[in-house]
Amino acid sequence: MAPITIDFASLNLMTLAPMLVVLFGALVILTIDLIKSDLDKTLYTTLTILTLFIALGATLSLNINERGLFNTILIDGVSVLGQAIIIIASMLFIPLALTKRKFHEFSYPEFFSLFLFMVFGFQFMAASDNLILIFVGLETASLALYTLIAMHNTKLAHEAAIKYFTMGAMASGFFAMGAAAIYGLTGSVEMDTIAKVFQERLNDAGILIPLIGGALLMVVAIGFKVSLIPFHMWTPDTYEGASAPMAGYMSIVPKISMMVVAMRLFGIYLELDIEIIQDVIIALAVITTTLANMMALVQEDVKRMLAYSSISHAGFVLIAIALDTTKGYSSFFLYYGLFMFTNLGAFTVLWVSRHKYNIHDERFHHPYSKFAGMIHRSPISAIIMAIFMLSLAGVPPFSLFWGKLYILSAIVDSEWYIVAVIMALNSAIAIYYYLKLIVYMFLKPEDISGGKVVYANRALSLEIVIGIAAFVTVTSIFYIDPLLSFITNLVGASGY
Amino acid sequence: MSNILTVLIFFPLVAGLFGFMVNQKSIRAYGIAVAAAEFLLSLWLWMSFDTSAAGMQFVEKLPLIPEFGINYYIGVDGISLFIVIMSTLMTLIGIVALSIKENLKNMIITLLFLEVTMVGVFASLDVILFYLFWEFSLVPMLYIIGAWGGPKKLYAAVKFFIYTFAGSLVMLIGILAFAYLYHSQTGTWSFSLTDWYALLLPFDAQTWLFWAFFLGFAIKVPMFPFHTWLPYAHGQAPTVGSVILAAVLLKMGTYGFVRFSLPLFPDASVAYIVPVAIISLIMVVYTAMVAYAQKDIKQVIAYSSISHMGVIVLGTFAMNVEGIAGSVFLMLSHGIVSGALFLLVGVIYDRKHTKMMDQFGGLAYSMPTYATIFGIMTMAAVGLPLTIGFVGEYLSLAGFFKVSPVLTVIAGTSIILGAVYMLTVLKKTFFGPITHEENKHLPDLDGKELWALVPLVAIVVWLGVYPKPVLGPIDNSTKALVQLMHEKAQTDLAKQTISVSKNSAKEAK
């Protein structure tokens, strides 16, 4: 065996800059807490935002197509886009800590440093093409995330965290087994080597079964993490138990980092024209979208409805990944970029109306009936929430329509016409439950039995976040073009 | 003023946003002023329109999403010009006749937003832009039906929304597939209608796309068997909602056939004349019979709307100048007549809070002016010569006669059936003795109702006697359209059926 030589030039710390910034920020917060203990959450929130701001700058100034950390980090357009979306979503999320009511978790500085550790983990997943490093990133982020959910410190939050933890542990198990299978076949955990070896061994007798088997284990792992049906069981309960901003955050960031992994991994299989993998992913996506939409129809709680809706959105974008075209990958990032603003906006509106205890309903925090007649009480909130709902449903001219348009177009370009029609008709199913909330807000009389929306949690920072989300949702038509060319350039530059 | 069309589209939007600042008490005057200004703008458009030219005028083109070939591309020709004018007119009249008291401000602002989408749909030359307006028009209508409607308003509003939304999503796939085919033939992305017109498609592709677009348009029209949302929507909508729905929103579907289906897929359109004609005939005859069976006046008019829309579709699929020009004219006349009829039903509903025919009788004694106007509109709906209804119906059927005399004869029964149910309404409501004591003292039309209805009566008679100022430009543009279809047609059948001049059909034989 030849001795291993490590060249320090291949460390290339610059590629790690965005992650190191986040890590440093997290450690600073911990240190400050050590020195002085009675500091307010506003300080930590601001520090977190500033850290993320610098990380965002570092991400956008990365050189495309460089490798670092001994060849385990791959900075291509996809990892830049993934990290940018993760960081922006985190920046939108963290001001939601500054609520009027005091919530348990935000009084601990550890919350903020854990949060940054989690962002760090997700960034790693998006930026690495080494299966082991991805696994480490996944575990770092997930463990932090479970804790963050549990820190909400209600019965339901504990249930949510434990449910998520068990399911997440199982998913990690599948990931490890899948990675092991792939390693067994190729003798490598580096995706570019894996791709090469697959290419060489494709014609070996009997190779397809372990090859596909490994991929299917990965599908299960990814399915759990991005909550595809039938691996979605934990999602609605976890979303319900977690605080509204946490739920909104979970519907975006963990999913996008796992989707980027899926993109890199399944990209190898799709390059080799192993059609069964493509068929499996598309079938999963169609099933996920359709069933999640149907389950969302019968929900009585808006947050659970949004949980199912985010499952169906995840199914919808999964197709874009399975297409293996530049347009498909670009449309995925476009969609998630727009979805991030709209969905965080919608969850923030729920957060604003959140009470410490259930006053509307025995079971739910946000039953539909709570929003009845909202237009008479607070017309602007009602209109903004309606805009978010219409955008989620894909009604033009709001932002998600363009995402939907572009994904559908990518599907049509790959000549999956039937799938395109099914996905389009899914929007028609989905419109019902989004309309249901609009109908409650605008068309139903106010519920006198105490079921009125009270803005217990209202604060300036929340209003700003909602304002930004609404602005981005409404004015989409003016920035879609530059955004699209930015995304397409980056995706194209990474060879997808 | 070269960008008058942009002003026409977005003036109500700006006015609607400013409307939030206007006091509740003055909002009615504000609404009327804005709608009147919009209507005058559209008349100005007509004045500066070159009636001898057939092509698109007032064209504006700005890149919106150049990466994907989407432009802000608008323009009108003889076909869309008058539908735009009708939309602004009916919005004005709807606002003038508003009898709603609660939340008047929201209603007026919603109507102004709706007007933006209506004018936008008919003026768009970019398919995605068209789709934007087309889809967004659902939202204000949902609110109008849902907030001011009858007892089952929520059901009706949501049904209306989901039905049309589902149809248009299939159309969206059609649009994207067309764009993809365009891209694979030319190498560039474009959603401009004029670019699309130049594209020749193989018959197979035409067939699929034709039916995808057809579904979107057919649900909007609404064609049998997708018509079930309409009676609910009309039954529950407030008067102004029904007026706009019948007069303008339904026309989006038939306009779509003329603007998209026929010129984009000439071969497929010709190949499927018979199935489409049969669906239209079922629409015409079946809904006419259903109309006769109704006890509610508004439902009679709702079903008669569907029946007339059937004649419009039939005329469109005649594939010749008479038929298409006639059906475009029929769109206008049906818009005005059905709008007026819904207004008239609204008048007695405001007075008695019922629309049931058996609650009335002998109204001609107590409300003579009302009865006269209702009579004139009934005649126009039936298609009596010298009213606006006759011209379009005659031309549509005459056009389709060249395609199939037998089917035309069956469709012609719609005139008889129409007379049967409309005259029944007239008889039961206005003639005979007054059976209910309280009907003796019903007040006749008041000022605002007269202001709304008399102009419509004037138009009905004017265009019935002398349709040329409107029919002329429509005819010009239709000729150009048919010419284009004739040039694009690839199959022999299509070449023969699409006849450009009045004699070419005979020559072909």
# chains A, B, ... in the order shown; residues from 1 in each chain; ligands from 1
$ residues_around --residues "A:Phe339" --least-positions-apart "4" --cutoff "10 Å" --atoms "only C-alpha atoms" --output "list in words"
Ser251, Ile252, Ser310, His313, Phe333, Leu334, Tyr335, Asn343, Leu344, Gly345, Phe388, Ser391, Leu392, Ser399, Leu400, Gly403, Ala469 and Thr473 of chain A
$ select_by_dssp --residues "stretch 246-392 of chain B" --states "alpha helix (DSSP H)" --output "NGL selection string"
:B and (250-256 or 262-264 or 266-271 or 273-293 or 297-316 or 321-352 or 363-366 or 368-382 or 388-392)
$ closest_atom_pairs --of "chain A" --to "chain B" --cutoff "7 Å" --atoms "only C-alpha atoms" --output "JSON lines"
{"residue": "A:Val395", "atom": "CA", "partner": "B:Glu135", "partner_atom": "CA", "distance": 6.7}
{"residue": "A:Pro396", "atom": "CA", "partner": "B:Leu132", "partner_atom": "CA", "distance": 5.3}
{"residue": "A:Pro397", "atom": "CA", "partner": "B:Leu132", "partner_atom": "CA", "distance": 6.0}
{"residue": "A:Ser409", "atom": "CA", "partner": "B:Leu176", "partner_atom": "CA", "distance": 5.5}
{"residue": "A:Val412", "atom": "CA", "partner": "B:Ala177", "partner_atom": "CA", "distance": 5.9}
{"residue": "A:Asp413", "atom": "CA", "partner": "B:Tyr180", "partner_atom": "CA", "distance": 5.9}
{"residue": "A:Ala420", "atom": "CA", "partner": "B:Ile173", "partner_atom": "CA", "distance": 6.8}
{"residue": "A:Val421", "atom": "CA", "partner": "B:Val170", "partner_atom": "CA", "distance": 6.3}
{"residue": "A:Ala424", "atom": "CA", "partner": "B:Leu169", "partner_atom": "CA", "distance": 5.5}
{"residue": "A:Leu425", "atom": "CA", "partner": "B:Ala166", "partner_atom": "CA", "distance": 6.1}
{"residue": "A:Ala428", "atom": "CA", "partner": "B:Ala166", "partner_atom": "CA", "distance": 5.0}
{"residue": "A:Leu443", "atom": "CA", "partner": "B:Ala147", "partner_atom": "CA", "distance": 5.3}
{"residue": "A:Ile480", "atom": "CA", "partner": "B:Ile65", "partner_atom": "CA", "distance": 6.8}
{"residue": "A:Asp481", "atom": "CA", "partner": "B:Ile65", "partner_atom": "CA", "distance": 4.7}
{"residue": "A:Ser485", "atom": "CA", "partner": "B:Glu67", "partner_atom": "CA", "distance": 6.6}
$ residues_around --residues "A:Ala372" --least-positions-apart "5" --cutoff "6 Å" --atoms "only C-alpha atoms" --output "VMD selection string"
chain A and resid 440 to 441 444 446
$ residues_around --residues "B:Ile416" --least-positions-apart "5" --cutoff "12 Å" --atoms "only C-alpha atoms" --output "ChimeraX atom specification"
/B:284-285,288-289,292,381-384,409-411,421-423
$ write_last_selection --atoms "C-alpha atoms" --output "compact mmCIF listing (two decimals), in the first residue's frame"
# COMPACT_ATOMS: atom_id res chain seq x y z
CA VAL B 284 -78.19 24.49 -27.41
CA VAL B 285 -81.15 22.13 -27.29
CA ALA B 288 -83.03 25.36 -23.75
CA MET B 289 -85.31 22.61 -22.51
CA TYR B 292 -88.13 25.99 -19.95
CA ALA B 381 -82.71 37.39 -26.73
CA VAL B 382 -85.05 35.44 -28.96
CA GLY B 383 -83.36 36.94 -32.01
CA LEU B 384 -86.13 39.00 -33.52
CA VAL B 409 -81.46 22.97 -38.76
CA ILE B 410 -81.26 21.30 -35.36
CA ALA B 411 -79.45 24.32 -33.98
CA TYR B 421 -89.10 29.78 -22.74
CA MET B 422 -88.55 33.52 -22.96
CA LEU B 423 -92.15 34.21 -23.91
$ residues_around --residues "A:Phe112" --least-positions-apart "5" --cutoff "8 Å" --atoms "only C-alpha atoms" --output "PyMOL selection string"
chain A and resi 26+29+44-45+48+106
$ write_last_selection --atoms "N, CA and C atoms" --output "mmCIF file, in the first residue's frame"
data_model
loop_
_atom_site.group_PDB
_atom_site.id
_atom_site.type_symbol
_atom_site.label_atom_id
_atom_site.label_comp_id
_atom_site.auth_asym_id
_atom_site.auth_seq_id
_atom_site.Cartn_x
_atom_site.Cartn_y
_atom_site.Cartn_z
ATOM 1 N N ALA A 26 -21.414 31.019 15.999
ATOM 2 C CA ALA A 26 -22.011 30.187 17.038
ATOM 3 C C ALA A 26 -21.125 30.165 18.274
ATOM 4 N N ILE A 29 -21.308 33.422 20.223
ATOM 5 C CA ILE A 29 -22.513 33.522 21.056
ATOM 6 C C ILE A 29 -22.334 32.724 22.346
ATOM 7 N N TYR A 44 -28.696 38.434 20.865
ATOM 8 C CA TYR A 44 -28.333 37.185 20.198
ATOM 9 C C TYR A 44 -28.965 37.101 18.817
ATOM 10 N N THR A 45 -30.211 37.563 18.730
ATOM 11 C CA THR A 45 -30.868 37.551 17.421
ATOM 12 C C THR A 45 -30.070 38.371 16.427
ATOM 13 N N THR A 48 -26.882 36.753 15.415
ATOM 14 C CA THR A 48 -27.122 35.652 14.483
ATOM 15 C C THR A 48 -27.341 36.180 13.076
ATOM 16 N N PHE A 106 -36.432 30.964 23.451
ATOM 17 C CA PHE A 106 -35.626 32.112 23.051
ATOM 18 C C PHE A 106 -34.892 32.760 24.218
#
$ closest_residue --among "A:Ala157, A:Met423, A:Val78, A:Ala179" --to "A:Lys404" --atoms "only C-alpha atoms"
A:Met423
$ closest_residue --among "A:Thr235, A:Thr342, A:Ser113, A:Ser331" --to "A:Leu483" --atoms "only C-alpha atoms"
A:Ser331
$ residues_around --residues "A:Met167" --least-positions-apart "4" --cutoff "12 Å" --atoms "only C-alpha atoms" --output "NGL selection string"
:A and (142 or 146 or 160-163 or 171-174 or 220-227 or 231-235 or 238)
$ write_last_selection --atoms "N, CA and C atoms" --output "CSV table (one decimal), in the first residue's frame"
chain,number,residue,atom,x,y,z
A,142,SER,N,-29.3,17.7,12.1
A,142,SER,CA,-30.5,17.1,12.6
A,142,SER,C,-30.6,17.1,14.1
A,146,TYR,N,-33.5,18.7,16.3
A,146,TYR,CA,-34.4,18.1,17.2
A,146,TYR,C,-34.4,18.8,18.5
A,160,ALA,N,-43.2,16.1,19.3
A,160,ALA,CA,-42.7,16.3,17.9
A,160,ALA,C,-41.3,16.0,17.8
A,161,ALA,N,-40.5,16.5,18.8
A,161,ALA,CA,-39.0,16.3,18.7
A,161,ALA,C,-38.7,14.8,18.7
A,162,ILE,N,-39.4,14.1,19.6
A,162,ILE,CA,-39.0,12.7,19.7
A,162,ILE,C,-39.4,11.9,18.5
A,163,LYS,N,-40.6,12.3,18.0
A,163,LYS,CA,-41.0,11.6,16.7
A,163,LYS,C,-40.0,11.9,15.6
A,171,ALA,N,-33.9,7.2,9.3
A,171,ALA,CA,-33.4,7.7,8.0
A,171,ALA,C,-31.9,7.7,7.9
A,172,SER,N,-31.3,8.2,9.0
A,172,SER,CA,-29.8,8.2,9.0
A,172,SER,C,-29.3,6.7,8.8
A,173,GLY,N,-30.0,5.8,9.5
A,173,GLY,CA,-29.6,4.4,9.3
A,173,GLY,C,-29.6,4.0,7.8
A,174,PHE,N,-30.7,4.3,7.2
A,174,PHE,CA,-30.9,4.0,5.8
A,174,PHE,C,-29.8,4.7,5.0
A,220,VAL,N,-35.0,5.9,0.3
A,220,VAL,CA,-35.7,5.9,1.6
A,220,VAL,C,-35.2,6.9,2.5
A,221,ALA,N,-33.9,7.0,2.7
A,221,ALA,CA,-33.3,8.0,3.6
A,221,ALA,C,-33.7,9.4,3.2
A,222,ILE,N,-33.6,9.7,1.9
A,222,ILE,CA,-34.0,11.1,1.4
A,222,ILE,C,-35.5,11.3,1.6
A,223,GLY,N,-36.2,10.2,1.3
A,223,GLY,CA,-37.7,10.3,1.4
A,223,GLY,C,-38.1,10.7,2.8
A,224,PHE,N,-37.4,10.1,3.8
A,224,PHE,CA,-37.8,10.5,5.2
A,224,PHE,C,-37.4,12.0,5.5
A,225,LYS,N,-36.3,12.4,5.0
A,225,LYS,CA,-35.8,13.7,5.3
A,225,LYS,C,-36.6,14.8,4.6
A,226,VAL,N,-37.0,14.5,3.3
A,226,VAL,CA,-37.8,15.6,2.7
A,226,VAL,C,-39.3,15.2,2.8
A,227,SER,N,-39.6,14.2,3.6
A,227,SER,CA,-41.0,13.8,3.9
A,227,SER,C,-41.8,13.5,2.6
A,231,PHE,N,-43.1,8.1,3.5
A,231,PHE,CA,-42.2,8.3,4.6
A,231,PHE,C,-42.5,9.6,5.4
A,232,HIS,N,-43.7,10.0,5.3
A,232,HIS,CA,-44.1,11.4,5.7
A,232,HIS,C,-44.7,11.4,7.1
A,233,MET,N,-44.9,10.2,7.7
A,233,MET,CA,-45.8,10.1,8.9
A,233,MET,C,-45.5,11.1,10.0
A,234,TRP,N,-44.2,11.4,10.1
A,234,TRP,CA,-43.8,12.3,11.2
A,234,TRP,C,-44.2,13.8,11.0
A,235,THR,N,-44.3,14.1,9.7
A,235,THR,CA,-44.4,15.5,9.3
A,235,THR,C,-45.5,16.3,10.0
A,238,THR,N,-45.0,16.7,13.8
A,238,THR,CA,-43.9,17.5,14.1
A,238,THR,C,-44.1,18.9,13.9
$ atom_distance --atom1 "atom CA of B:Gly19" --atom2 "atom CA of B:Val34"
9.7 Å
$ residues_around --residues "B:Phe210" --least-positions-apart "3" --cutoff "7 Å" --atoms "only C-alpha atoms" --output "PDB file with C-alpha atoms, in the first residue's frame"
ATOM      1  CA  GLN B 206     -52.360  19.733 -33.107  1.00  0.00           C
ATOM      2  CA  THR B 207     -54.918  17.219 -31.913  1.00  0.00           C
ATOM      3  CA  PHE B 213     -56.899  24.290 -25.012  1.00  0.00           C
ATOM      4  CA  PHE B 214     -60.441  23.145 -25.677  1.00  0.00           C
ATOM      5  CA  SER B 261     -57.819  27.293 -31.102  1.00  0.00           C
ATOM      6  CA  PHE B 265     -54.633  24.399 -34.823  1.00  0.00           C
ATOM      7  CA  ALA B 268     -57.368  19.823 -35.795  1.00  0.00           C
TER       8      ALA B 268
END
$ closest_residue --among "A:Asp237, A:Val189, A:Ile85, A:Ala17" --to "A:His158" --atoms "only C-alpha atoms"
A:Asp237
